[in-house]
Amino acid sequence: MIQRIQSLYLLLTSVLSLLFLNGRFLNFFNSSGSEIYMNFMGIWKSSTEGNPQIITSLIPFSVIILVICILSFSAIFVYKNRTIQLKMTAAVIFLTLVVIGLTVYFAVTITGKYQVEIVPSLKMFLPVLMLSLGIMAYAGIKKDEKLVKSYDRLR
């Protein structure tokens with residue numbers, strides 16, 4: 001059924017992945033005044049002149065986040081086939097772990113390479129929230145599957 005709580009978890013995961021793509025999600029500053037930031041297009045460096053230049057393109061990273069959004073949203077409507085819904089949710093969890101790993105990797109690499117300090121923001125923690133919502137959705141779907149199997153045994 002669409003009105004299950006795991007459908008809400010999957011919808012929130014989809015919305016949070018879209019919010020993660022919007023704007024900067026990692027900001028770095030150093031003492032000389034230059035700023036390095038990461039958005040869905042890549043890693044950018046802007047100096048005091050304000051003309052940002054791209055350091056690295058992150059198109060595969062953005063594709064992974066879009067796949068998370070599409071998978072979590074489409075898993076809502078596959079409610080009649082819970083095994084496929086479980087596999088889609090497991091894929092969302094795995095891809096979210098990949099996003100968290102890549103974000104940590106880029107954060108460590110940038111701070112070491114450019115001698116900058118990371119500025120904490122709320123968007124840094126969105127992938128962790130997406131992961132927890134994905135895990136809760138997986139647990140809810142698994143619980144429904146067990147319930148249906150127990151009813152089938154009673155018949």
# chains A, B, ... in the order shown; residues from 1 in each chain; ligands from 1
call {"tool": "select_by_dssp", "arguments": {"residues": "chain A", "states": "strand (DSSP E)", "output": "list in words"}}
result
Leu26, Asn27, Phe28, Phe29, Glu35, Ile36, Tyr37, Met38, Asn39, Gly42, Ile43, Trp44, Lys45, Ser46, Gln53, Ile54, Ile55, Thr56, Ser57, Glu117, Ile118 and Val119 of chain A
call {"tool": "write_last_selection", "arguments": {"atoms": "C-alpha atoms", "output": "CSV table (one decimal), in the first residue's frame"}}
result
chain,number,residue,atom,x,y,z
A,26,LEU,CA,30.9,21.4,1.4
A,27,ASN,CA,32.6,24.8,2.1
A,28,PHE,CA,36.3,25.3,2.9
A,29,PHE,CA,38.2,28.5,3.8
A,35,GLU,CA,37.3,29.7,-0.7
A,36,ILE,CA,36.9,26.2,-2.0
A,37,TYR,CA,33.4,24.7,-2.3
A,38,MET,CA,31.8,21.6,-3.6
A,39,ASN,CA,28.5,21.6,-5.4
A,42,GLY,CA,32.3,20.0,-9.2
A,43,ILE,CA,34.8,21.4,-6.8
A,44,TRP,CA,35.3,25.2,-7.3
A,45,LYS,CA,38.0,27.6,-6.1
A,46,SER,CA,37.2,31.3,-5.7
A,53,GLN,CA,37.3,28.4,-11.4
A,54,ILE,CA,36.5,24.7,-11.5
A,55,ILE,CA,39.1,22.4,-10.0
A,56,THR,CA,37.4,19.0,-10.6
A,57,SER,CA,34.2,18.0,-12.3
A,117,GLU,CA,39.5,24.2,7.0
A,118,ILE,CA,36.1,22.8,6.5
A,119,VAL,CA,33.1,25.0,7.5
call {"tool": "residues_around", "arguments": {"residues": "Leu131 (chain A)", "least_positions_apart": "4", "cutoff": "8 Å", "atoms": "only C-alpha atoms", "output": "MDAnalysis selection string"}}
result
chainID A and resid 93 96:97 127 135
call {"tool": "closest_residue", "arguments": {"among": "A:Ile65, A:Ser34, A:Val148, A:Gln115", "to": "Pro52 (chain A)", "atoms": "only C-alpha atoms"}}
result
A:Ser34
call {"tool": "atom_distance", "arguments": {"atom1": "CA of Ile84 (chain A)", "atom2": "CA of Val128 (chain A)"}}
result
23.7 Å
call {"tool": "residues_around", "arguments": {"residues": "Ser7 (chain A)", "least_positions_apart": "4", "cutoff": "10 Å", "atoms": "only C-alpha atoms", "output": "PDB file with all heavy atoms, in the first residue's frame"}}
result
ATOM      1  N   MET A   1       0.834  -1.191   0.000  1.00  0.00           N
ATOM      2  CA  MET A   1       0.000   0.000   0.000  1.00  0.00           C
ATOM      3  C   MET A   1       0.874   1.248   0.000  1.00  0.00           C
ATOM      4  O   MET A   1       1.918   1.254   0.615  1.00  0.00           O
ATOM      5  CB  MET A   1      -0.881  -0.004   1.237  1.00  0.00           C
ATOM      6  CG  MET A   1      -1.936  -1.085   1.238  1.00  0.00           C
ATOM      7  SD  MET A   1      -2.844  -1.068   2.753  1.00  0.00           S
ATOM      8  CE  MET A   1      -1.969  -2.334   3.636  1.00  0.00           C
ATOM      9  N   ILE A   2       0.394   2.270  -0.635  1.00  0.00           N
ATOM     10  CA  ILE A   2       1.169   3.495  -0.720  1.00  0.00           C
ATOM     11  C   ILE A   2       1.178   4.237   0.619  1.00  0.00           C
ATOM     12  O   ILE A   2       2.113   4.958   0.926  1.00  0.00           O
ATOM     13  CB  ILE A   2       0.634   4.389  -1.857  1.00  0.00           C
ATOM     14  CG1 ILE A   2       0.928   3.723  -3.191  1.00  0.00           C
ATOM     15  CG2 ILE A   2       1.234   5.772  -1.822  1.00  0.00           C
ATOM     16  CD1 ILE A   2       0.487   4.501  -4.386  1.00  0.00           C
ATOM     17  N   GLN A   3       0.182   4.037   1.462  1.00  0.00           N
ATOM     18  CA  GLN A   3       0.108   4.813   2.698  1.00  0.00           C
ATOM     19  C   GLN A   3       0.949   4.224   3.832  1.00  0.00           C
ATOM     20  O   GLN A   3       0.800   4.633   4.966  1.00  0.00           O
ATOM     21  CB  GLN A   3      -1.348   4.981   3.136  1.00  0.00           C
ATOM     22  CG  GLN A   3      -2.053   3.700   3.497  1.00  0.00           C
ATOM     23  CD  GLN A   3      -2.831   3.125   2.329  1.00  0.00           C
ATOM     24  OE1 GLN A   3      -2.541   3.424   1.189  1.00  0.00           O
ATOM     25  NE2 GLN A   3      -3.795   2.289   2.607  1.00  0.00           N
ATOM     26  N   LEU A  11      10.005   8.660   0.280  1.00  0.00           N
ATOM     27  CA  LEU A  11       9.736   9.985  -0.272  1.00  0.00           C
ATOM     28  C   LEU A  11      10.675  11.027   0.333  1.00  0.00           C
ATOM     29  O   LEU A  11      11.222  11.878  -0.374  1.00  0.00           O
ATOM     30  CB  LEU A  11       8.282  10.382  -0.037  1.00  0.00           C
ATOM     31  CG  LEU A  11       7.860  11.735  -0.578  1.00  0.00           C
ATOM     32  CD1 LEU A  11       7.901  11.741  -2.099  1.00  0.00           C
ATOM     33  CD2 LEU A  11       6.476  12.092  -0.089  1.00  0.00           C
ATOM     34  N   LEU A  12      10.890  10.955   1.643  1.00  0.00           N
ATOM     35  CA  LEU A  12      11.815  11.891   2.292  1.00  0.00           C
ATOM     36  C   LEU A  12      13.253  11.691   1.799  1.00  0.00           C
ATOM     37  O   LEU A  12      13.994  12.665   1.633  1.00  0.00           O
ATOM     38  CB  LEU A  12      11.748  11.735   3.806  1.00  0.00           C
ATOM     39  CG  LEU A  12      10.518  12.330   4.481  1.00  0.00           C
ATOM     40  CD1 LEU A  12      10.489  11.970   5.959  1.00  0.00           C
ATOM     41  CD2 LEU A  12      10.477  13.828   4.299  1.00  0.00           C
ATOM     42  N   THR A  13      13.634  10.452   1.545  1.00  0.00           N
ATOM     43  CA  THR A  13      14.958  10.190   0.991  1.00  0.00           C
ATOM     44  C   THR A  13      15.107  10.834  -0.377  1.00  0.00           C
ATOM     45  O   THR A  13      16.136  11.444  -0.691  1.00  0.00           O
ATOM     46  CB  THR A  13      15.206   8.674   0.887  1.00  0.00           C
ATOM     47  OG1 THR A  13      15.062   8.099   2.174  1.00  0.00           O
ATOM     48  CG2 THR A  13      16.583   8.376   0.362  1.00  0.00           C
ATOM     49  N   SER A  72      14.575   5.772  -5.034  1.00  0.00           N
ATOM     50  CA  SER A  72      13.752   5.857  -3.826  1.00  0.00           C
ATOM     51  C   SER A  72      12.329   6.293  -4.164  1.00  0.00           C
ATOM     52  O   SER A  72      11.371   5.821  -3.556  1.00  0.00           O
ATOM     53  CB  SER A  72      14.383   6.794  -2.801  1.00  0.00           C
ATOM     54  OG  SER A  72      14.509   8.092  -3.311  1.00  0.00           O
ATOM     55  N   PHE A  73      12.172   7.158  -5.148  1.00  0.00           N
ATOM     56  CA  PHE A  73      10.828   7.585  -5.527  1.00  0.00           C
ATOM     57  C   PHE A  73      10.076   6.476  -6.259  1.00  0.00           C
ATOM     58  O   PHE A  73       8.887   6.261  -6.026  1.00  0.00           O
ATOM     59  CB  PHE A  73      10.885   8.851  -6.393  1.00  0.00           C
ATOM     60  CG  PHE A  73       9.549   9.478  -6.623  1.00  0.00           C
ATOM     61  CD1 PHE A  73       8.891  10.138  -5.595  1.00  0.00           C
ATOM     62  CD2 PHE A  73       8.932   9.395  -7.849  1.00  0.00           C
ATOM     63  CE1 PHE A  73       7.649  10.700  -5.799  1.00  0.00           C
ATOM     64  CE2 PHE A  73       7.699   9.955  -8.077  1.00  0.00           C
ATOM     65  CZ  PHE A  73       7.041  10.616  -7.042  1.00  0.00           C
ATOM     66  N   ALA A  75      10.571   3.281  -5.913  1.00  0.00           N
ATOM     67  CA  ALA A  75      10.313   2.165  -4.998  1.00  0.00           C
ATOM     68  C   ALA A  75       8.989   2.334  -4.259  1.00  0.00           C
ATOM     69  O   ALA A  75       8.400   1.350  -3.814  1.00  0.00           O
ATOM     70  CB  ALA A  75      11.463   2.033  -4.003  1.00  0.00           C
ATOM     71  N   ILE A  76       8.511   3.553  -4.154  1.00  0.00           N
ATOM     72  CA  ILE A  76       7.222   3.797  -3.501  1.00  0.00           C
ATOM     73  C   ILE A  76       6.103   3.110  -4.274  1.00  0.00           C
ATOM     74  O   ILE A  76       5.183   2.538  -3.687  1.00  0.00           O
ATOM     75  CB  ILE A  76       6.946   5.315  -3.393  1.00  0.00           C
ATOM     76  CG1 ILE A  76       7.975   5.978  -2.495  1.00  0.00           C
ATOM     77  CG2 ILE A  76       5.545   5.575  -2.877  1.00  0.00           C
ATOM     78  CD1 ILE A  76       7.918   7.491  -2.527  1.00  0.00           C
ATOM     79  N   PHE A  77       6.187   3.122  -5.578  1.00  0.00           N
ATOM     80  CA  PHE A  77       5.096   2.632  -6.415  1.00  0.00           C
ATOM     81  C   PHE A  77       5.224   1.157  -6.792  1.00  0.00           C
ATOM     82  O   PHE A  77       4.429   0.645  -7.569  1.00  0.00           O
ATOM     83  CB  PHE A  77       4.997   3.494  -7.668  1.00  0.00           C
ATOM     84  CG  PHE A  77       4.736   4.929  -7.343  1.00  0.00           C
ATOM     85  CD1 PHE A  77       5.741   5.868  -7.450  1.00  0.00           C
ATOM     86  CD2 PHE A  77       3.499   5.331  -6.881  1.00  0.00           C
ATOM     87  CE1 PHE A  77       5.515   7.196  -7.133  1.00  0.00           C
ATOM     88  CE2 PHE A  77       3.256   6.653  -6.559  1.00  0.00           C
ATOM     89  CZ  PHE A  77       4.264   7.581  -6.679  1.00  0.00           C
ATOM     90  N   TYR A  79       4.937  -1.179  -4.549  1.00  0.00           N
ATOM     91  CA  TYR A  79       4.512  -1.727  -3.262  1.00  0.00           C
ATOM     92  C   TYR A  79       3.882  -3.119  -3.383  1.00  0.00           C
ATOM     93  O   TYR A  79       3.848  -3.858  -2.408  1.00  0.00           O
ATOM     94  CB  TYR A  79       3.548  -0.782  -2.553  1.00  0.00           C
ATOM     95  CG  TYR A  79       2.272  -0.504  -3.303  1.00  0.00           C
ATOM     96  CD1 TYR A  79       1.154  -1.293  -3.118  1.00  0.00           C
ATOM     97  CD2 TYR A  79       2.200   0.553  -4.207  1.00  0.00           C
ATOM     98  CE1 TYR A  79      -0.013  -1.038  -3.810  1.00  0.00           C
ATOM     99  CE2 TYR A  79       1.041   0.815  -4.895  1.00  0.00           C
ATOM    100  CZ  TYR A  79      -0.068   0.017  -4.684  1.00  0.00           C
ATOM    101  OH  TYR A  79      -1.214   0.273  -5.371  1.00  0.00           O
ATOM    102  N   ALA A 137      13.207   2.473   6.037  1.00  0.00           N
ATOM    103  CA  ALA A 137      12.298   1.994   4.989  1.00  0.00           C
ATOM    104  C   ALA A 137      12.531   0.515   4.720  1.00  0.00           C
ATOM    105  O   ALA A 137      11.576  -0.259   4.571  1.00  0.00           O
ATOM    106  CB  ALA A 137      12.483   2.812   3.711  1.00  0.00           C
ATOM    107  N   GLY A 140      10.968  -1.490   7.489  1.00  0.00           N
ATOM    108  CA  GLY A 140       9.510  -1.516   7.379  1.00  0.00           C
ATOM    109  C   GLY A 140       9.029  -2.455   6.291  1.00  0.00           C
ATOM    110  O   GLY A 140       8.043  -3.185   6.469  1.00  0.00           O
ATOM    111  N   ILE A 141       9.713  -2.451   5.164  1.00  0.00           N
ATOM    112  CA  ILE A 141       9.337  -3.349   4.062  1.00  0.00           C
ATOM    113  C   ILE A 141       9.580  -4.797   4.474  1.00  0.00           C
ATOM    114  O   ILE A 141       8.764  -5.687   4.201  1.00  0.00           O
ATOM    115  CB  ILE A 141      10.116  -2.992   2.787  1.00  0.00           C
ATOM    116  CG1 ILE A 141       9.764  -1.583   2.316  1.00  0.00           C
ATOM    117  CG2 ILE A 141       9.834  -3.994   1.679  1.00  0.00           C
ATOM    118  CD1 ILE A 141      10.704  -1.031   1.270  1.00  0.00           C
TER     119      ILE A 141
END
call {"tool": "closest_residue", "arguments": {"among": "A:Asn30, A:Leu95, A:Tyr138, A:Ser14", "to": "Ile110 (chain A)", "atoms": "only C-alpha atoms"}}
result
A:Asn30
call {"tool": "select_by_dssp", "arguments": {"residues": "chain A", "states": "alpha helix (DSSP H)", "output": "VMD selection string"}}
result
chain A and resid 5 to 21 59 to 76 82 to 114 126 to 154
